[in-house]
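Raw start13.csv, CSV, C-alpha atoms and all ligand atoms:
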chain,number,residue,atom,x,y,z
A,409,MET,CA,-152.3,320.2,-67.1
A,410,SER,CA,-152.0,316.6,-68.3
A,411,GLN,CA,-150.4,314.0,-66.0
A,412,LEU,CA,-147.1,312.3,-66.6
A,413,ASN,CA,-147.5,308.8,-65.2
A,414,LEU,CA,-144.2,307.3,-66.1
A,415,ILE,CA,-142.4,304.0,-65.5
A,416,LEU,CA,-138.7,303.5,-65.9
A,417,LEU,CA,-137.3,300.2,-67.3
A,418,GLY,CA,-133.8,298.9,-68.2
A,419,PRO,CA,-131.1,296.5,-67.3
A,420,PRO,CA,-128.8,297.1,-64.3
A,421,GLY,CA,-125.9,299.3,-65.3
A,422,ALA,CA,-127.7,301.2,-68.1
A,423,GLY,CA,-127.8,304.4,-66.1
A,424,LYS,CA,-131.4,304.4,-65.0
A,425,GLY,CA,-130.6,305.9,-61.6
A,426,THR,CA,-128.9,308.9,-63.1
A,427,GLN,CA,-131.7,309.5,-65.6
A,428,ALA,CA,-134.3,309.1,-62.9
A,429,GLU,CA,-132.8,311.9,-60.9
A,430,ARG,CA,-132.8,314.2,-63.9
A,431,ILE,CA,-136.3,313.4,-65.1
A,432,VAL,CA,-137.8,314.1,-61.7
A,433,GLY,CA,-135.9,317.4,-61.7
A,434,ASP,CA,-137.0,318.4,-65.2
A,435,PHE,CA,-140.7,317.7,-64.7
A,436,ASP,CA,-141.0,318.1,-60.9
A,437,LEU,CA,-142.3,314.6,-60.4
A,438,PRO,CA,-142.1,312.4,-57.2
A,439,TYR,CA,-139.8,309.4,-57.7
A,440,TYR,CA,-141.0,306.1,-56.5
A,441,SER,CA,-138.3,303.4,-56.3
A,442,THR,CA,-140.2,300.3,-55.2
A,443,GLY,CA,-137.5,299.1,-52.8
A,444,ASP,CA,-137.2,302.5,-51.1
A,445,ILE,CA,-141.0,303.0,-50.6
A,446,LEU,CA,-141.4,299.5,-49.3
A,447,ARG,CA,-138.7,300.1,-46.7
A,448,ALA,CA,-140.2,303.5,-45.9
A,449,ALA,CA,-143.6,301.9,-45.3
A,450,VAL,CA,-142.1,299.3,-43.0
A,451,LYS,CA,-140.2,302.0,-41.1
A,452,GLU,CA,-143.3,304.2,-40.7
A,453,ASN,CA,-145.1,301.1,-39.4
A,454,SER,CA,-148.2,301.9,-41.5
A,455,GLU,CA,-150.8,299.2,-41.9
A,456,LEU,CA,-149.5,298.3,-45.3
A,457,GLY,CA,-146.0,298.4,-44.0
A,458,GLN,CA,-146.8,296.0,-41.2
A,459,GLU,CA,-148.3,293.7,-43.7
A,460,ALA,CA,-145.2,293.9,-46.0
A,461,LYS,CA,-143.0,293.3,-43.0
A,462,SER,CA,-144.7,290.0,-42.2
A,463,TYR,CA,-143.6,288.6,-45.5
A,464,MET,CA,-140.1,290.1,-45.4
A,465,ASP,CA,-139.5,288.7,-41.9
A,466,LYS,CA,-140.3,285.2,-43.2
A,467,GLY,CA,-138.0,285.8,-46.1
A,468,ASP,CA,-140.9,285.7,-48.5
A,469,LEU,CA,-141.4,287.9,-51.5
A,470,VAL,CA,-144.0,290.7,-50.9
A,471,PRO,CA,-147.0,289.9,-53.1
A,472,ASP,CA,-147.5,292.0,-56.2
A,473,ASP,CA,-150.9,293.2,-55.0
A,474,LEU,CA,-149.4,294.5,-51.8
A,475,ILE,CA,-146.5,296.2,-53.5
A,476,CYS,CA,-149.0,297.8,-55.8
A,477,ARG,CA,-151.1,299.1,-52.8
A,478,VAL,CA,-148.1,300.6,-51.2
A,479,ILE,CA,-147.3,302.4,-54.5
A,480,MET,CA,-150.9,303.5,-54.9
A,481,GLU,CA,-150.9,305.0,-51.4
A,482,ARG,CA,-148.2,307.4,-52.7
A,483,VAL,CA,-149.9,307.9,-56.1
A,484,ASP,CA,-153.1,308.9,-54.3
A,485,SER,CA,-151.2,311.7,-52.3
A,486,ASP,CA,-151.2,315.3,-53.5
A,487,GLU,CA,-147.5,315.1,-54.5
A,488,ALA,CA,-148.4,312.8,-57.4
A,489,ALA,CA,-151.4,314.7,-58.7
A,490,ASP,CA,-149.5,315.7,-61.8
A,491,GLY,CA,-147.8,312.4,-62.2
A,492,PHE,CA,-144.9,310.2,-60.9
A,493,LEU,CA,-141.9,308.3,-62.0
A,494,LEU,CA,-142.0,304.7,-60.9
A,495,ASP,CA,-138.9,302.5,-60.9
A,496,GLY,CA,-138.6,298.8,-60.0
A,497,PHE,CA,-142.3,298.0,-60.5
A,498,PRO,CA,-143.7,296.6,-62.7
A,499,ARG,CA,-141.0,294.0,-63.5
A,500,THR,CA,-143.2,291.3,-64.9
A,501,LYS,CA,-146.3,291.3,-67.2
A,502,GLY,CA,-148.4,290.2,-64.2
A,503,GLN,CA,-147.3,293.2,-62.2
A,504,ALA,CA,-148.0,295.4,-65.2
A,505,LYS,CA,-151.6,294.2,-65.3
A,506,THR,CA,-152.0,294.8,-61.5
A,507,LEU,CA,-150.7,298.4,-62.0
A,508,GLU,CA,-152.9,299.1,-65.0
A,509,ASP,CA,-156.0,298.0,-63.1
A,510,ALA,CA,-155.1,300.1,-60.1
A,511,LEU,CA,-154.5,303.2,-62.2
A,512,GLU,CA,-157.7,302.6,-64.1
A,513,ASP,CA,-159.7,302.5,-60.8
A,514,ARG,CA,-158.4,306.0,-60.4
A,515,ASP,CA,-159.2,307.2,-63.9
A,516,ARG,CA,-155.5,307.4,-64.6
A,517,SER,CA,-153.3,305.6,-67.1
A,518,LEU,CA,-149.6,305.2,-67.9
A,519,THR,CA,-148.3,308.0,-70.1
A,520,ALA,CA,-145.2,306.1,-71.2
A,521,ALA,CA,-142.7,303.3,-70.3
A,522,LEU,CA,-139.2,304.7,-70.6
A,523,LEU,CA,-136.6,302.1,-71.5
A,524,VAL,CA,-133.0,303.0,-70.9
A,525,ASP,CA,-131.4,300.1,-72.8
A,526,ALA,CA,-127.9,298.7,-73.0
A,527,GLU,CA,-126.5,295.4,-74.4
A,528,ASP,CA,-125.4,292.8,-72.0
A,529,GLU,CA,-121.7,293.1,-73.0
A,530,ILE,CA,-121.7,296.7,-72.2
A,531,VAL,CA,-123.5,296.3,-68.9
A,532,LEU,CA,-121.0,293.6,-67.9
A,533,LYS,CA,-118.1,295.8,-68.7
A,534,ARG,CA,-119.5,298.8,-66.9
A,535,LEU,CA,-120.5,296.9,-63.7
A,536,SER,CA,-117.7,294.4,-63.4
A,537,GLY,CA,-115.1,297.2,-63.7
A,538,ARG,CA,-116.6,299.2,-60.8
A,539,ARG,CA,-114.5,299.5,-57.6
A,540,VAL,CA,-115.4,301.3,-54.4
A,541,CYS,CA,-113.0,302.4,-51.7
A,542,SER,CA,-113.4,300.4,-48.5
A,543,LYS,CA,-113.4,303.4,-46.2
A,544,LYS,CA,-115.8,305.9,-47.7
A,545,GLY,CA,-117.3,304.3,-50.8
A,546,HIS,CA,-115.6,306.6,-53.3
A,547,ASN,CA,-116.3,305.3,-56.8
A,548,TYR,CA,-113.8,304.2,-59.5
A,549,HIS,CA,-113.8,302.1,-62.7
A,550,VAL,CA,-110.8,300.1,-63.9
A,551,ASP,CA,-111.3,301.4,-67.5
A,552,PHE,CA,-113.4,304.6,-67.4
A,553,ASN,CA,-112.2,306.2,-64.1
A,554,PRO,CA,-109.1,304.4,-62.8
A,555,PRO,CA,-107.4,305.5,-59.6
A,556,LYS,CA,-103.8,307.0,-59.9
A,557,ASN,CA,-102.4,303.9,-58.2
A,558,GLU,CA,-104.0,300.6,-58.9
A,559,GLY,CA,-106.3,299.3,-56.2
A,560,VAL,CA,-105.9,302.4,-53.9
A,561,CYS,CA,-108.3,305.3,-53.3
A,562,ASP,CA,-106.9,308.6,-54.6
A,563,LEU,CA,-108.6,310.5,-51.8
A,564,ASP,CA,-107.9,308.5,-48.7
A,565,GLY,CA,-105.4,305.8,-49.6
A,566,SER,CA,-107.8,303.0,-48.6
A,567,LYS,CA,-108.1,299.7,-50.5
A,568,LEU,CA,-110.5,299.5,-53.5
A,569,VAL,CA,-112.9,296.5,-53.5
A,570,GLN,CA,-115.5,295.1,-55.8
A,571,ARG,CA,-119.0,294.8,-54.5
A,572,ASP,CA,-120.5,291.3,-54.6
A,573,ASP,CA,-123.3,292.7,-56.8
A,574,ASP,CA,-120.7,293.7,-59.4
A,575,LYS,CA,-118.9,290.4,-59.7
A,576,PRO,CA,-119.2,289.1,-63.3
A,577,ASP,CA,-121.1,285.9,-62.3
A,578,THR,CA,-123.6,287.9,-60.3
A,579,VAL,CA,-124.0,290.5,-63.1
A,580,LYS,CA,-124.6,287.7,-65.6
A,581,HIS,CA,-127.3,286.2,-63.3
A,582,ARG,CA,-129.0,289.6,-62.8
A,583,LEU,CA,-129.1,290.1,-66.6
A,584,GLU,CA,-130.6,286.6,-67.1
A,585,VAL,CA,-133.3,287.4,-64.6
A,586,TYR,CA,-133.9,290.8,-66.2
A,587,HIS,CA,-134.3,289.3,-69.7
A,588,ASP,CA,-136.6,286.5,-68.5
A,589,GLN,CA,-138.9,288.8,-66.7
A,590,THR,CA,-138.7,292.0,-68.5
A,591,GLN,CA,-138.5,291.1,-72.1
A,592,PRO,CA,-142.3,290.1,-72.1
A,593,LEU,CA,-143.0,293.4,-70.3
A,594,ILE,CA,-141.2,295.4,-72.9
A,595,GLU,CA,-143.2,293.7,-75.7
A,596,HIS,CA,-146.3,294.3,-73.7
A,597,TYR,CA,-145.7,298.1,-73.6
A,598,GLU,CA,-144.5,298.1,-77.2
A,599,GLY,CA,-147.8,296.5,-78.2
A,600,LYS,CA,-149.7,299.3,-76.4
A,601,GLY,CA,-147.7,302.0,-78.1
A,602,LEU,CA,-146.3,303.2,-74.7
A,603,LEU,CA,-142.7,302.2,-75.0
A,604,LYS,CA,-140.0,304.9,-75.5
A,605,ARG,CA,-136.6,303.5,-76.1
A,606,PHE,CA,-133.3,305.2,-75.2
A,607,ASP,CA,-129.7,304.2,-75.9
A,608,GLY,CA,-128.1,303.9,-72.4
A,609,THR,CA,-124.7,303.3,-74.0
A,610,ARG,CA,-124.5,307.0,-74.9
A,611,ALA,CA,-123.2,309.7,-72.6
A,612,PRO,CA,-125.6,310.5,-69.7
A,613,ASP,CA,-126.1,314.1,-71.0
A,614,GLU,CA,-127.1,312.8,-74.4
A,615,VAL,CA,-129.5,310.2,-73.0
A,616,HIS,CA,-131.0,312.9,-70.8
A,617,ASN,CA,-131.6,315.3,-73.6
A,618,HIS,CA,-133.3,312.6,-75.7
A,619,ILE,CA,-135.6,311.7,-72.8
A,620,ARG,CA,-136.5,315.3,-72.1
A,621,ALA,CA,-137.2,316.0,-75.7
A,622,THR,CA,-139.3,312.9,-76.0
A,623,ILE,CA,-141.5,313.7,-73.0
A,624,ALA,CA,-141.8,317.3,-74.2
A,625,THR,CA,-143.0,316.1,-77.7
A,626,MET,CA,-145.5,313.7,-76.1
A,627,ARG,CA,-147.0,316.6,-74.2
A,628,MET,CA,-147.2,318.8,-77.3
A,629,GLU,CA,-148.8,316.0,-79.3
A,630,GLU,CA,-151.4,315.6,-76.6
A,631,GLN,CA,-152.4,319.3,-76.8
A,632,VAL,CA,-153.1,319.2,-80.5
A,701,ZN,ZN,-111.9,306.7,-50.6
Let's see the structure in the file written out as structure tokens.
Ligand SMILES: [Zn+2]
Amino acid sequence: MSQLNLILLGPPGAGKGTQAERIVGDFDLPYYSTGDILRAAVKENSELGQEAKSYMDKGDLVPDDLICRVIMERVDSDEAADGFLLDGFPRTKGQAKTLEDALEDRDRSLTAALLVDAEDEIVLKRLSGRRVCSKKGHNYHVDFNPPKNEGVCDLDGSKLVQRDDDKPDTVKHRLEVYHDQTQPLIEHYEGKGLLKRFDGTRAPDEVHNHIRATIATMRMEEQV
């Protein structure tokens, strides 16, 4: 069977997380979220984890090469023999090159870069309208999923708050960083014919159907 070596791209708030869960379910792939696997490596206190921790303790960024080695440790395991879904790396063109080289060393290559896209205006509206209950973290949205009584959780009556990450200025900054770093990356994958674009402003079910159909088509084309 052919491998599905996939990466997931997209701005915050475009629904990447939801789609990631569904894709790994559809195709039975391990999901590697860079932040999670770095934290796991540190927790397990593996050799690479200790190395990563030495940067994190100093408040420094973990170098691309090291992040890539942590990812490759997983990619080399049995669970990823048929492929993987990688999220959060690469974020820059330099990281993309590091990943490509590492995969090439293993006679593997990327199957596709899945971009779940959404315009800034929509991301801003989605994220800045989010509220969470201060007691148990129940989720609301001022426009799309409002509580019965403004500012109060329906389930436990506790106060609804806005996460710092969702404040408009923070969202705008996250989007700026995303565009600066990721736009060249998107062009890079487009140039290689690996980019598959999906409209993250559509309903999650629709986006999911489109992604699943696209991957299924890629597999069929491969077999011809
Ligand atoms: Zn609540």
>> Which residues are near ligand ZN 701 (chain A) - at most 12 Å, using all atoms listed in the file? Format: as an NGL selection string.
In response: :A and (539-548 or 555 or 559-569)
Take the residues that were just selected and, keeping C-alpha atoms, output them as an mmCIF file, keeping the file's coordinate frame.
data_model
loop_
_atom_site.group_PDB
_atom_site.id
_atom_site.type_symbol
_atom_site.label_atom_id
_atom_site.label_comp_id
_atom_site.auth_asym_id
_atom_site.auth_seq_id
_atom_site.Cartn_x
_atom_site.Cartn_y
_atom_site.Cartn_z
ATOM 1 C CA ARG A 539 -114.500 299.500 -57.600
ATOM 2 C CA VAL A 540 -115.400 301.300 -54.400
ATOM 3 C CA CYS A 541 -113.000 302.400 -51.700
ATOM 4 C CA SER A 542 -113.400 300.400 -48.500
ATOM 5 C CA LYS A 543 -113.400 303.400 -46.200
ATOM 6 C CA LYS A 544 -115.800 305.900 -47.700
ATOM 7 C CA GLY A 545 -117.300 304.300 -50.800
ATOM 8 C CA HIS A 546 -115.600 306.600 -53.300
ATOM 9 C CA ASN A 547 -116.300 305.300 -56.800
ATOM 10 C CA TYR A 548 -113.800 304.200 -59.500
ATOM 11 C CA PRO A 555 -107.400 305.500 -59.600
ATOM 12 C CA GLY A 559 -106.300 299.300 -56.200
ATOM 13 C CA VAL A 560 -105.900 302.400 -53.900
ATOM 14 C CA CYS A 561 -108.300 305.300 -53.300
ATOM 15 C CA ASP A 562 -106.900 308.600 -54.600
ATOM 16 C CA LEU A 563 -108.600 310.500 -51.800
ATOM 17 C CA ASP A 564 -107.900 308.500 -48.700
ATOM 18 C CA GLY A 565 -105.400 305.800 -49.600
ATOM 19 C CA SER A 566 -107.800 303.000 -48.600
ATOM 20 C CA LYS A 567 -108.100 299.700 -50.500
ATOM 21 C CA LEU A 568 -110.500 299.500 -53.500
ATOM 22 C CA VAL A 569 -112.900 296.500 -53.500
#
>> Around the point (-152.9, 316.6, -68.0) (coordinates from the file), which residues reach within 10 Å if we count all atoms listed in the file? Answer as JSON, numbers by chain.
In response: {"A": [409, 410, 411, 412, 413, 489, 490, 491, 519, 627, 630, 631]}
>> Counting all atoms listed in the file, which residue out of A:Ile475, A:Met480, A:Ala448, A:Leu522 sits closest to Leu417 in chain A?
In response: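 Ranking A:Ile475, A:Met480, A:Ala448, A:Leu522 by distance to Leu417 in chain A, first place goes to A:Leu522.
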> From the set A:Asp525, A:Asp473, A:Ile623, A:Thr578, which residue has the shortest atom-to-atom contact distance to Gln591 in chain A, counting all atoms listed in the file?
Replying inline: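 Residue with the minimum atom-to-atom distance to Gln591 in chain A: A:Asp525.
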>> Residues within 9 Å of range 514-517 of chain A, please, as number ranges by chain. Count only C-alpha atoms; anything in the same chain fewer than 3 positions from it doesn't count.
In response: A: 411, 413, 484, 508-511
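In this model, the gap between CA of Gln570 in chain A and CA of Asp588 in chain A comes to 26.1 Å.
Each of A:Lys424, A:Arg534, A:Arg447, A:Lys501 was checked against Ile479 in chain A using all atoms listed in the file; the smallest atom-to-atom distance is that of A:Arg447.
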> CA of Leu493 in chain A and CA of His618 in chain A, how far apart in Å?
Replying inline: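 Spanning CA of His618 in chain A to CA of Leu493 in chain A is a straight-line distance of 16.7 Å.
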>> Using Å and a single decimal, report how far CA of Pro419 in chain A sits from CA of Leu507 in chain A.
In response: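 If I compute the distance from CA of Leu507 in chain A to CA of Pro419 in chain A, I get 20.4 Å.
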>> Give me the residues near Leu602 in chain A as a ChimeraX atom specification, where near means some atom within 8 Å (using all atoms listed in the file) and where sequence neighbours in that chain fewer than 4 positions away do not count.
In response: /A:518-521,597-598
>> Residues within 10 Å of Asn617 in chain A, please, as an NGL selection string. Count only C-alpha atoms; anything in the same chain fewer than 6 positions from it doesn't count.
In response: :A and (427 or 430-431)
>> Show me, as JSON, numbers by chain, the residues that have an atom within 9 Å of Gly457 in chain A when counting only C-alpha atoms, minus same-chain residues fewer than 5 positions from it.
In response: {"A": [446, 447, 448, 449, 450, 451, 452, 462, 478]}
> Using only C-alpha atoms, which of the listed residues (A:Tyr463, A:Phe497, A:Phe492, A:Phe606) sits closest to Val432 in chain A?
Replying inline: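 Checking each of A:Tyr463, A:Phe497, A:Phe492, A:Phe606 against Val432 in chain A, counting only C-alpha atoms, the winner is A:Phe492.
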>> Under the rule that all atoms listed in the file are counted, which of A:Thr609, A:Ser441, A:Gln589, A:Thr622 is the nearest residue to Ala504 in chain A?
In response: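 Checking each candidate against Ala504 in chain A, we get A:Gln589 as the closest.
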Reconstruct all heavy atoms of range 579-590 of chain A; output as a compact mmCIF listing (two decimals), keeping the file's coordinate frame.
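Heads up, here's the output in part.txt:
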# COMPACT_ATOMS: atom_id res chain seq x y z
N VAL A 579 -123.47 289.62 -62.03
CA VAL A 579 -124.00 290.50 -63.10
C VAL A 579 -124.71 289.67 -64.14
O VAL A 579 -125.83 289.98 -64.56
CB VAL A 579 -122.93 291.39 -63.69
CG1 VAL A 579 -123.51 292.22 -64.83
CG2 VAL A 579 -122.31 292.31 -62.65
N LYS A 580 -124.05 288.59 -64.55
CA LYS A 580 -124.60 287.70 -65.60
C LYS A 580 -125.98 287.16 -65.12
O LYS A 580 -126.94 287.11 -65.88
CB LYS A 580 -123.68 286.56 -65.93
CG LYS A 580 -122.60 286.99 -66.89
CD LYS A 580 -121.67 285.84 -67.23
CE LYS A 580 -120.38 286.37 -67.85
NZ LYS A 580 -119.25 285.45 -67.71
N HIS A 581 -126.02 286.76 -63.85
CA HIS A 581 -127.30 286.20 -63.30
C HIS A 581 -128.35 287.31 -63.28
O HIS A 581 -129.50 287.07 -63.66
CB HIS A 581 -127.06 285.64 -61.92
CG HIS A 581 -128.32 285.13 -61.30
ND1 HIS A 581 -128.98 284.02 -61.78
CD2 HIS A 581 -129.08 285.60 -60.30
CE1 HIS A 581 -130.09 283.83 -61.08
NE2 HIS A 581 -130.17 284.79 -60.17
N ARG A 582 -127.98 288.50 -62.84
CA ARG A 582 -129.00 289.60 -62.80
C ARG A 582 -129.50 289.89 -64.19
O ARG A 582 -130.69 290.19 -64.37
CB ARG A 582 -128.32 290.86 -62.22
CG ARG A 582 -128.10 290.79 -60.71
CD ARG A 582 -127.16 291.86 -60.22
NE ARG A 582 -127.72 293.20 -60.28
CZ ARG A 582 -126.98 294.31 -60.21
NH1 ARG A 582 -125.68 294.25 -60.11
NH2 ARG A 582 -127.56 295.49 -60.24
N LEU A 583 -128.63 289.81 -65.18
CA LEU A 583 -129.10 290.10 -66.60
C LEU A 583 -130.01 288.96 -67.05
O LEU A 583 -130.98 289.24 -67.75
CB LEU A 583 -127.85 290.16 -67.48
CG LEU A 583 -127.13 291.51 -67.41
CD1 LEU A 583 -125.78 291.44 -68.13
CD2 LEU A 583 -127.98 292.61 -68.02
N GLU A 584 -129.71 287.72 -66.67
CA GLU A 584 -130.60 286.60 -67.10
C GLU A 584 -132.00 286.82 -66.51
O GLU A 584 -133.00 286.68 -67.21
CB GLU A 584 -130.08 285.27 -66.54
CG GLU A 584 -129.17 284.54 -67.50
CD GLU A 584 -128.47 283.38 -66.82
OE1 GLU A 584 -129.13 282.66 -66.02
OE2 GLU A 584 -127.27 283.20 -67.06
N VAL A 585 -132.04 287.15 -65.21
CA VAL A 585 -133.30 287.40 -64.60
C VAL A 585 -134.05 288.55 -65.25
O VAL A 585 -135.24 288.47 -65.56
CB VAL A 585 -133.15 287.69 -63.05
CG1 VAL A 585 -134.46 288.13 -62.41
CG2 VAL A 585 -132.57 286.47 -62.33
N TYR A 586 -133.29 289.60 -65.52
CA TYR A 586 -133.90 290.80 -66.20
C TYR A 586 -134.50 290.37 -67.53
O TYR A 586 -135.64 290.73 -67.81
CB TYR A 586 -132.80 291.85 -66.37
CG TYR A 586 -133.25 292.97 -67.27
CD1 TYR A 586 -134.11 293.96 -66.80
CD2 TYR A 586 -132.85 293.03 -68.61
CE1 TYR A 586 -134.56 294.97 -67.63
CE2 TYR A 586 -133.29 294.03 -69.45
CZ TYR A 586 -134.15 295.00 -68.95
OH TYR A 586 -134.60 295.99 -69.80
N HIS A 587 -133.76 289.65 -68.34
CA HIS A 587 -134.30 289.30 -69.70
C HIS A 587 -135.50 288.38 -69.57
O HIS A 587 -136.48 288.57 -70.28
CB HIS A 587 -133.20 288.64 -70.52
CG HIS A 587 -132.15 289.62 -70.96
ND1 HIS A 587 -132.45 290.73 -71.70
CD2 HIS A 587 -130.82 289.68 -70.73
CE1 HIS A 587 -131.34 291.43 -71.92
NE2 HIS A 587 -130.34 290.81 -71.33
N ASP A 588 -135.43 287.40 -68.68
CA ASP A 588 -136.60 286.50 -68.50
C ASP A 588 -137.84 287.21 -68.16
O ASP A 588 -138.89 286.98 -68.72
CB ASP A 588 -136.27 285.47 -67.38
CG ASP A 588 -135.39 284.34 -67.86
OD1 ASP A 588 -135.11 284.29 -69.08
OD2 ASP A 588 -134.96 283.51 -67.04
N GLN A 589 -137.71 288.12 -67.19
CA GLN A 589 -138.90 288.80 -66.70
C GLN A 589 -139.34 289.96 -67.48
O GLN A 589 -140.53 290.22 -67.68
CB GLN A 589 -138.65 289.26 -65.22
CG GLN A 589 -138.43 288.14 -64.26
CD GLN A 589 -138.34 288.66 -62.83
OE1 GLN A 589 -138.07 289.84 -62.60
NE2 GLN A 589 -138.56 287.78 -61.88
N THR A 590 -138.37 290.72 -67.93
CA THR A 590 -138.70 292.00 -68.50
C THR A 590 -138.91 292.08 -69.95
O THR A 590 -139.61 292.94 -70.46
CB THR A 590 -137.62 293.05 -68.01
OG1 THR A 590 -137.42 292.89 -66.60
CG2 THR A 590 -138.04 294.48 -68.26
